[in-house]
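For reference, the structure discussed in these notes is given below.
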Amino acid sequence: MATNTNMLTRAQALLLASIAKLSPAMQKDFEGGNLNLSDSVYYKRFEITGAGGLLDVLYNDDAIKDGYTNISKQKIKQGCAIMIDRITVRVGYVATGGTETAAEVNYLPVANIGTVDPIVAACELEIDVAQLNIFQAPINSFCQESVGINGEKDGIILTAPKLIQDSQEMQFRLHVPQGLTISGTTNRYFIEVALRGAEIRVK
């Protein structure tokens with residue numbers, strides 16, 4: 001598969017440089033020109049009202065469902081590999097008593113919600129891949145500057161991008177500050193965690 005390296009993004013270039021790390025089947029597809037290279041986002045939206053301690057955000061019985069997640073059984077799509085170079089987090093809230101679901105909430109940069117519930121902003125996000133921790137940071141480290149969700153300052157750009165393959169199980173965990181709970185007295189709270197980068201997949 002011929003590529004013009006001058007036109008590749010950082011994530012695309014790193015992904016192509018990692019072909020030797022992919023499964024033999026994907027390497028064969030690559031050599032035969034049977035793989036597509038594209039930008040990609042894997043996300044999960046989830047209600048976190050009432051959470052305390054350590055909260056798992058991904059579950060083994062998760063299924064792809066528009067508006068909620070495109071991650072199934074804690075894995076990316078079959079026949080794919082993605083080089084993650086940016087992670088974004090947005091938070092949404094609605095008045096307690098409402099019937100809105102995670103797919104219906106308006107998600108905002110974290111900077112917009114820190115004054116609404118500082119406990120949410122003080123939580124910490126942990127991401128594991130194949131039972132290895134690849135990322136951990138406070139929620140309030142996201143969205144230091146309020147720009148559009150497609151901007152570069154709405155999340156965290158990884159200094160060491162991570163390769164995730166379709167055989168590897170992922171986990172997103174939210175660490176709520178010790179002894180505290182995300183109260184639902186006034187509002188219900190939701191979180192959107194998104195892994196962004198370049199993906200290669202079978203045509």
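How things are named: the first chain in the structure tokens is A, the next is B, and so on; residues count from 1 in each chain; ligands count from 1 in the order shown.
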So that each row is one residue of stretch 49-107 of chain A with an atom at most 7 Å from stretch 185-203 of chain A, can you give its shortest atom pair and the distance in Å to one decimal, using only C-alpha atoms, rows by chain and rising number, as a tab-separated table?
residue	atom	partner	partner_atom	distance
A:Thr49	CA	A:Tyr189	CA	5.1
A:Gly79	CA	A:Arg201	CA	5.7
A:Cys80	CA	A:Arg201	CA	4.4
A:Ala81	CA	A:Ile200	CA	5.5
A:Ile82	CA	A:Glu199	CA	4.1
A:Met83	CA	A:Ala198	CA	5.3
A:Ile84	CA	A:Gly197	CA	4.4
A:Asp85	CA	A:Gly197	CA	5.4
A:Arg86	CA	A:Arg196	CA	5.2
A:Ile87	CA	A:Leu195	CA	4.9
A:Thr88	CA	A:Ala194	CA	5.2
A:Val89	CA	A:Val193	CA	4.8
A:Arg90	CA	A:Glu192	CA	5.2
A:Val91	CA	A:Ile191	CA	4.6
A:Gly92	CA	A:Phe190	CA	5.0
A:Tyr93	CA	A:Tyr189	CA	4.5
A:Val94	CA	A:Arg188	CA	5.4
A:Ala95	CA	A:Asn187	CA	4.4
A:Thr96	CA	A:Asn187	CA	4.6
A:Ala102	CA	A:Phe190	CA	6.5
| said: Applying 10 Å and only C-alpha atoms, which residues near A:Thr101 remain after dropping the ones on its own chain fewer than 2 positions away? List them as a ChimeraX atom specification. | reply: /A:45-47,67-68,94,98-99,103-105,190
Suppose we keep C-alpha atoms; can you now write the selection as a PDB file, in the first residue's frame?
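Written out: result-v1.pdb:
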ATOM      1  CA  ARG A  45     -21.101   7.796  27.273  1.00  0.00           C
ATOM      2  CA  PHE A  46     -22.214   6.806  30.736  1.00  0.00           C
ATOM      3  CA  GLU A  47     -24.189   8.165  33.694  1.00  0.00           C
ATOM      4  CA  GLY A  67     -25.218   7.583  20.934  1.00  0.00           C
ATOM      5  CA  TYR A  68     -23.922   5.424  23.791  1.00  0.00           C
ATOM      6  CA  VAL A  94     -29.446  17.547  33.648  1.00  0.00           C
ATOM      7  CA  GLY A  98     -35.406  14.220  34.258  1.00  0.00           C
ATOM      8  CA  THR A  99     -35.636  11.192  31.993  1.00  0.00           C
ATOM      9  CA  ALA A 103     -27.332   9.597  24.438  1.00  0.00           C
ATOM     10  CA  GLU A 104     -29.578  12.638  24.889  1.00  0.00           C
ATOM     11  CA  VAL A 105     -27.450  14.816  27.154  1.00  0.00           C
ATOM     12  CA  PHE A 190     -22.825  11.937  32.632  1.00  0.00           C
TER      13      PHE A 190
END
| Closest of A:Ser18, A:Asn140, A:Thr9, A:Gln74 to A:Phe30 - atom-to-atom distances counting only C-alpha atoms |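 Checking each candidate against A:Phe30, we get A:Ser18 as the closest.
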| task | Could you check how far atom CA of A:Asn133 sits from atom CA of A:Pro109, in Å to one decimal? | result |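 Between atom CA of A:Asn133 and atom CA of A:Pro109 the gap is 24.4 Å.
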| field | A:Thr69 environment, 8 Å, only C-alpha atoms, sequence neighbours closer than 3 positions dropped, as a list of chain:residue names | value |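 After dropping sequence-adjacent residues, the list is A:Tyr42, A:Tyr43, A:Lys44, A:Arg45, A:Ala63, A:Ile64, A:Lys65, A:Asp66, A:Ser72.
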| task | Find, counting only C-alpha atoms, the residue in A:Ile157, A:Val110, A:Leu55, A:Ala25 that gets nearest to A:Ala122. | result |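 Nearest to A:Ala122: A:Val110.
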| query | Looking at A:Asp39, A:Glu31, A:Asp166, A:Asp117, which one is nearest to A:Ala11, with distances taken over only C-alpha atoms? | reply |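 The closest residue to A:Ala11 is A:Asp39.
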| message | Set the distance at 7 Å and use only C-alpha atoms: which residues neighbour A:Met170 once local chain neighbours fewer than 3 positions away are removed? I'd like the list as an MDAnalysis selection string. | response | chainID A and resid 74:75 128:130
| said: According to DSSP computed on the backbone, where in chain A is there strand (DSSP E)? Give the residues as a count of residues only. | reply: 80
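The spacing separating atom CA of A:Lys162 from atom CA of A:Ile48 amounts to 26.3 Å.
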| task | List the neighbours of A:Asp56 out to 8 Å using only C-alpha atoms; skip same-chain residues closer than 3 positions along the sequence, and give me the result as a list of chain:residue names. | result |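 Everything that qualifies: A:Tyr59, A:Gln171, A:Phe172, A:Arg173, A:Leu174.
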| DSSP alpha helix (DSSP H) selection over stretch 1-189 of chain A, as a list in words |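 Everything in stretch 1-189 of chain A that counts as alpha helix (DSSP H) is Arg10, Ala11, Gln12, Ala13, Leu14, Leu15, Leu16, Pro24, Ala25, Met26, Gln27, Lys28, Asp29, Phe30, Glu31, Pro118, Ile119, Val120, Ala121 and Ala122 of chain A.
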